[in-house]
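Novice: Mind having a look at this structure? Questions to follow.
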Amino acid sequence: MWNDVFQAIDEQYNQMVQTRRHLHQHPEVSFYEEETAQYIADTYERLGVPYEKNVGGNGVLATLKGGKPGKTVALRADFDALPIQEENDHLEFKSQNDGAMHACGHDGHTAALLGLAEALVPFQADLPGTVIFLHQHAEEYAPGGAKPIVKSGKLDHIDAVFGTHLWVNTPTNVIETAKGPFMAGADRFEITIQGKGGHGAQPHQTKDAIVIASQLVTSLQQVISRRVDPLKTAVLSVGTFEAGHTFNIIADSAKLTGTVRTFDPEVQQLIIEEMEKVIKGTCVGYDADYSFNYEKGYPPVVNHEAEAELILENAHEADSNLRTQEVEPVMAGEDFAYYLLDKPGAFYFTGAQIPDHYYPHHHPKFDFDEKAMNHAAKTLLQAYRSYQEKHHTS
């Protein structure tokens, strides 16, 4: 049966491309994915697969119960876009929604999972266990869609969960994952400095918020280099610096925002405490006031070893052209982490690089090799198959 299903996935490829391009033209940002969710639901309605809408928000869960005994396994794809103005003018399917773009591959994730569902339906009677097609909203923006879906209880009955991310940093025929920590916890912070503005010709009568904030940008880097154990992994990046309105006025306030990435909760807490000390000390020195807001975001993605091994050892059975490699963790974040806190499973990257058109994730010229959608669908099926075979009881 399995070879027939893999062949059926190949036959779905053109439909995957069509689906992906439709979604790419009509992106919806996190928490506003109503039309996308309806498109997904309409597909399952057409296939005759039972589904639920509005799970944890805009999530859609579809259930394909096989005719043979087995485990219940969820396969996840996210479907939200980013608030980015697309610059891929050469694409016929460029985003039609100003200020919104699928710049991370979620359109491809959705197309791959829908293609897999369409390929599997004719084989339902021979399928072991149950597949949950988990279409998740709002991955890009904390608090995200995964956490409320877990809290909804709709996944309490599953035995395992697998997911993949199309990854343009990796060649199209390569599958990557790690046994254990795979992606970092992703936090955000906001610092506001309140000084005293004044004339640019009389700085001695002011408390220059730009100078203070500039000092902070430099000093905060020492939290990582001089406070965190060098054998621990952590990143602190200031992403925005907002201050001032005109050339000859010293700004009375400034705002910094940024992100912290960690794998260890103790390191995370240390960074929060040390940031507070640096900010307070700097502002005391300049006689300025401040506010510091730190928001803990997604926890780290920590794969379960046995499930990650299923990916690494068996993905090539989905397609002989695929090869797998175990990689070091990356500092990007993913709310797939919440599923792994609750159930066994693994997350992995499906290579999707276009060699002559490389732009990173979240770039306004981002694009991916559409052939990778076929690999994503096949490896998700293989993960499901491998899990069923490993846990089969006669």
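Ligands are numbered from 1 in the order shown, chains are lettered A, B, ... in the order of the structure tokens, and residues start at 1 in each chain.
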Can you pull out every residue from region 176-387 of chain A that DSSP, working from the backbone, puts in strand (DSSP E), and format the result as an MDAnalysis selection string?
Specialist: chainID A and resid 176:177 181:183 185:194 198:199 234:243 249:250 253:262 289:298 301:302 323:326 345:351
Novice: What's around region 303-314 of chain A at 8 Å? Count only C-alpha atoms, leave out sequence neighbours fewer than 6 positions away in its own chain, and write the answer as a list in words.
Specialist: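 Residues meeting the cut-off are Ile175, Glu176, Thr177, Ala178, Lys179, Gly180, Pro181, Phe182, Thr324, Gln325, Glu326, Leu340, Pro344, Gly345, Ala346, Phe347, Tyr348, Thr379, Gln382, Ala383, Ser386 and Tyr387 of chain A.
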Novice: Compile the contact shell of region 332-339 of chain A as a PyMOL selection string: residues with an atom at most 10 Å away, counting only C-alpha atoms, same-chain residues fewer than 6 positions apart removed.
Specialist: chain A and resi 74+76-78+136+138-151+155+160-165+182-187+261-262+297-303+345-347
Novice: Extract, using only C-alpha atoms, all DNA, RNA and protein residues at most 12 Å from region 227-239 of chain A, discarding same-chain residues fewer than 3 positions from it, and format them as a PyMOL selection string.
Specialist: chain A and resi 181+183-191+213-214+216-224+242+255-275+277-278+300+328-333
Novice: Env of His361 (chain A): 10 Å cut, atoms = only C-alpha atoms, seq-sep filter 2 positions within chain, self excluded. Answer as a PyMOL selection string.
Specialist: chain A and resi 102-105+166-169+358-359+363-368
Novice: So how many Å separate CA of Asn58 (chain A) and CA of Glu35 (chain A), to one decimal?
Specialist: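 So the two atoms, CA of Asn58 (chain A) and CA of Glu35 (chain A), lie 9.7 Å apart.
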Novice: For a quick check of understanding, using only C-alpha atoms, which of A:Gln38, A:Leu47, A:Asp252, A:Leu322 has the smallest distance to Pro122 (chain A)?
Specialist: A:Leu47
Novice: Within 9 Å of region 39-46 of chain A, counting only C-alpha atoms, which residues show up once you throw out same-chain ones fewer than 4 positions away? Write them as an mmCIF file with all heavy atoms, in the first residue's frame, please.
Specialist:
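Saved result, result-v5.cif, follows:
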data_model
loop_
_atom_site.group_PDB
_atom_site.id
_atom_site.type_symbol
_atom_site.label_atom_id
_atom_site.label_comp_id
_atom_site.auth_asym_id
_atom_site.auth_seq_id
_atom_site.Cartn_x
_atom_site.Cartn_y
_atom_site.Cartn_z
ATOM 1 N N LEU A 23 -2.844 30.218 -2.129
ATOM 2 C CA LEU A 23 -2.638 30.737 -0.778
ATOM 3 C C LEU A 23 -1.628 31.872 -0.772
ATOM 4 O O LEU A 23 -1.767 32.840 -0.004
ATOM 5 C CB LEU A 23 -2.171 29.600 0.144
ATOM 6 C CG LEU A 23 -3.184 28.480 0.381
ATOM 7 C CD1 LEU A 23 -2.543 27.344 1.178
ATOM 8 C CD2 LEU A 23 -4.428 28.989 1.093
ATOM 9 N N GLU A 34 -9.098 33.953 8.538
ATOM 10 C CA GLU A 34 -10.442 33.390 8.373
ATOM 11 C C GLU A 34 -10.648 32.742 6.989
ATOM 12 O O GLU A 34 -11.150 31.617 6.885
ATOM 13 C CB GLU A 34 -11.509 34.464 8.598
ATOM 14 C CG GLU A 34 -11.678 34.893 10.054
ATOM 15 C CD GLU A 34 -10.706 35.985 10.455
ATOM 16 O OE1 GLU A 34 -9.886 36.388 9.592
ATOM 17 O OE2 GLU A 34 -10.743 36.438 11.617
ATOM 18 N N GLU A 35 -10.268 33.438 5.930
ATOM 19 C CA GLU A 35 -10.481 32.893 4.592
ATOM 20 C C GLU A 35 -9.590 31.681 4.332
ATOM 21 O O GLU A 35 -10.000 30.729 3.665
ATOM 22 C CB GLU A 35 -10.234 33.980 3.539
ATOM 23 C CG GLU A 35 -11.290 35.074 3.535
ATOM 24 C CD GLU A 35 -11.079 36.077 2.416
ATOM 25 O OE1 GLU A 35 -10.265 35.790 1.500
ATOM 26 O OE2 GLU A 35 -11.726 37.138 2.449
ATOM 27 N N PRO A 50 -14.036 14.166 7.987
ATOM 28 C CA PRO A 50 -14.573 14.946 9.108
ATOM 29 C C PRO A 50 -13.556 15.975 9.620
ATOM 30 O O PRO A 50 -12.362 15.669 9.720
ATOM 31 C CB PRO A 50 -14.870 13.889 10.174
ATOM 32 C CG PRO A 50 -14.987 12.608 9.417
ATOM 33 C CD PRO A 50 -14.046 12.710 8.262
ATOM 34 N N TYR A 51 -14.029 17.162 9.952
ATOM 35 C CA TYR A 51 -13.122 18.213 10.406
ATOM 36 C C TYR A 51 -13.825 19.099 11.426
ATOM 37 O O TYR A 51 -15.051 19.111 11.539
ATOM 38 C CB TYR A 51 -12.639 19.058 9.227
ATOM 39 C CG TYR A 51 -13.729 19.836 8.540
ATOM 40 C CD1 TYR A 51 -14.067 21.131 8.956
ATOM 41 C CD2 TYR A 51 -14.449 19.285 7.486
ATOM 42 C CE1 TYR A 51 -15.077 21.837 8.334
ATOM 43 C CE2 TYR A 51 -15.465 19.992 6.862
ATOM 44 C CZ TYR A 51 -15.773 21.270 7.294
ATOM 45 O OH TYR A 51 -16.786 21.970 6.686
ATOM 46 N N GLU A 52 -13.007 19.836 12.161
ATOM 47 C CA GLU A 52 -13.490 20.841 13.106
ATOM 48 C C GLU A 52 -12.816 22.166 12.796
ATOM 49 O O GLU A 52 -11.601 22.213 12.563
ATOM 50 C CB GLU A 52 -13.168 20.445 14.540
ATOM 51 C CG GLU A 52 -13.891 19.226 15.054
ATOM 52 C CD GLU A 52 -13.538 18.953 16.516
ATOM 53 O OE1 GLU A 52 -14.051 19.674 17.389
ATOM 54 O OE2 GLU A 52 -12.735 18.040 16.754
ATOM 55 N N LYS A 53 -13.593 23.240 12.808
ATOM 56 C CA LYS A 53 -13.050 24.582 12.629
ATOM 57 C C LYS A 53 -12.952 25.297 13.974
ATOM 58 O O LYS A 53 -13.474 24.843 14.977
ATOM 59 C CB LYS A 53 -13.943 25.395 11.690
ATOM 60 C CG LYS A 53 -13.930 24.968 10.235
ATOM 61 C CD LYS A 53 -14.921 25.785 9.427
ATOM 62 C CE LYS A 53 -14.625 27.269 9.487
ATOM 63 N NZ LYS A 53 -15.593 28.086 8.723
ATOM 64 N N VAL A 60 -7.795 24.361 12.291
ATOM 65 C CA VAL A 60 -8.659 23.374 11.647
ATOM 66 C C VAL A 60 -8.050 21.993 11.880
ATOM 67 O O VAL A 60 -6.875 21.772 11.576
ATOM 68 C CB VAL A 60 -8.796 23.622 10.132
ATOM 69 C CG1 VAL A 60 -9.717 22.577 9.502
ATOM 70 C CG2 VAL A 60 -9.314 25.030 9.857
ATOM 71 N N LEU A 61 -8.845 21.075 12.421
ATOM 72 C CA LEU A 61 -8.413 19.696 12.626
ATOM 73 C C LEU A 61 -9.287 18.777 11.789
ATOM 74 O O LEU A 61 -10.515 18.830 11.875
ATOM 75 C CB LEU A 61 -8.529 19.275 14.100
ATOM 76 C CG LEU A 61 -7.703 20.014 15.146
ATOM 77 C CD1 LEU A 61 -7.914 19.366 16.510
ATOM 78 C CD2 LEU A 61 -6.234 20.003 14.779
ATOM 79 N N ALA A 62 -8.664 17.927 10.958
ATOM 80 C CA ALA A 62 -9.392 16.931 10.180
ATOM 81 C C ALA A 62 -8.918 15.543 10.597
ATOM 82 O O ALA A 62 -7.744 15.345 10.891
ATOM 83 C CB ALA A 62 -9.156 17.143 8.690
ATOM 84 N N THR A 110 0.918 24.135 4.132
ATOM 85 C CA THR A 110 -0.510 23.843 4.015
ATOM 86 C C THR A 110 -0.805 23.047 2.752
ATOM 87 O O THR A 110 -1.559 22.063 2.774
ATOM 88 C CB THR A 110 -1.312 25.149 4.020
ATOM 89 O OG1 THR A 110 -1.007 25.876 5.225
ATOM 90 C CG2 THR A 110 -2.799 24.882 3.953
ATOM 91 N N LEU A 114 -2.440 19.268 2.698
ATOM 92 C CA LEU A 114 -3.688 19.034 1.970
ATOM 93 C C LEU A 114 -3.466 18.026 0.836
ATOM 94 O O LEU A 114 -4.324 17.173 0.572
ATOM 95 C CB LEU A 114 -4.228 20.340 1.406
ATOM 96 C CG LEU A 114 -4.772 21.349 2.424
ATOM 97 C CD1 LEU A 114 -5.169 22.650 1.741
ATOM 98 C CD2 LEU A 114 -5.955 20.771 3.189
ATOM 99 N N ALA A 117 -3.384 14.622 2.403
ATOM 100 C CA ALA A 117 -4.738 14.186 2.751
ATOM 101 C C ALA A 117 -5.462 13.651 1.523
ATOM 102 O O ALA A 117 -6.097 12.588 1.569
ATOM 103 C CB ALA A 117 -5.521 15.347 3.362
ATOM 104 N N GLU A 118 -5.351 14.379 0.427
ATOM 105 C CA GLU A 118 -6.039 13.952 -0.796
ATOM 106 C C GLU A 118 -5.494 12.616 -1.291
ATOM 107 O O GLU A 118 -6.241 11.770 -1.789
ATOM 108 C CB GLU A 118 -5.898 15.025 -1.874
ATOM 109 C CG GLU A 118 -6.739 14.769 -3.102
ATOM 110 C CD GLU A 118 -7.532 15.989 -3.545
ATOM 111 O OE1 GLU A 118 -7.319 17.081 -2.975
ATOM 112 O OE2 GLU A 118 -8.373 15.836 -4.440
ATOM 113 N N HIS A 135 -4.003 21.700 11.126
ATOM 114 C CA HIS A 135 -3.730 22.969 10.443
ATOM 115 C C HIS A 135 -3.782 24.085 11.475
ATOM 116 O O HIS A 135 -4.850 24.414 11.993
ATOM 117 C CB HIS A 135 -4.757 23.197 9.338
ATOM 118 C CG HIS A 135 -4.640 22.224 8.199
ATOM 119 N ND1 HIS A 135 -3.809 22.429 7.126
ATOM 120 C CD2 HIS A 135 -5.245 21.016 7.994
ATOM 121 C CE1 HIS A 135 -3.914 21.409 6.287
ATOM 122 N NE2 HIS A 135 -4.765 20.538 6.790
#
Novice: Would you pick out the contacts of Ile212 (chain A) at 12 Å or less, using only C-alpha atoms, so that residues sharing its chain but fewer than 2 positions from it are not included, and give the list as a PyMOL selection string?
Specialist: chain A and resi 191-196+206-210+214-219+241+243+250-256+278-290
Novice: Go through A:Ala111, A:Leu120, A:Ala376, A:Ile158 and flag the residue nearest Thr19 (chain A), using only C-alpha atoms for the distances.
Specialist: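 Checking each of A:Ala111, A:Leu120, A:Ala376, A:Ile158 against Thr19 (chain A), counting only C-alpha atoms, the winner is A:Ala111.
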Novice: Using only C-alpha atoms, which of the listed residues (A:Tyr13, A:Phe349, A:Phe79, A:Phe31) sits closest to Gly56 (chain A)?
Specialist: A:Phe31
Novice: Would you list, as an MDAnalysis selection string, the residues of region 73-266 of chain A that end up in helix (DSSP H, G or I) under DSSP run on this structure's backbone?
Specialist: chainID A and resid 106:126 146:151 203:205 209:227 265:266
Novice: Could you state the separation of CA of His362 (chain A) and CA of Asp80 (chain A) in Å, given to one decimal place?
Specialist: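 Here the two named atoms are 12.5 Å from each other.
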Novice: For each of A:Ala119, A:Ala37, A:Ala372, A:Ile354, take the minimum atom-to-atom distance to Gln7 (chain A), counting only C-alpha atoms, then give the residue where this is smallest.
Specialist: A:Ala119
Novice: Identify which of the residues A:Ile249, A:Met16, A:Leu82, A:Val174 lies closest to Gly198 (chain A), counting only C-alpha atoms when measuring atom-to-atom distances.
Specialist: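 Under the stated criterion, the closest residue is A:Ile249.
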Novice: Could you check the closest approach to Ala100 (chain A) for each of A:Tyr384, A:Phe133, A:Tyr294, A:Tyr32 and tell me which residue wins, using only C-alpha atoms?
Specialist: A:Tyr32
Novice: Report, in Å to a single decimal, how far apart CA of Val5 (chain A) and CA of Gly115 (chain A) are.
Specialist: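 The value is 11.2 Å.
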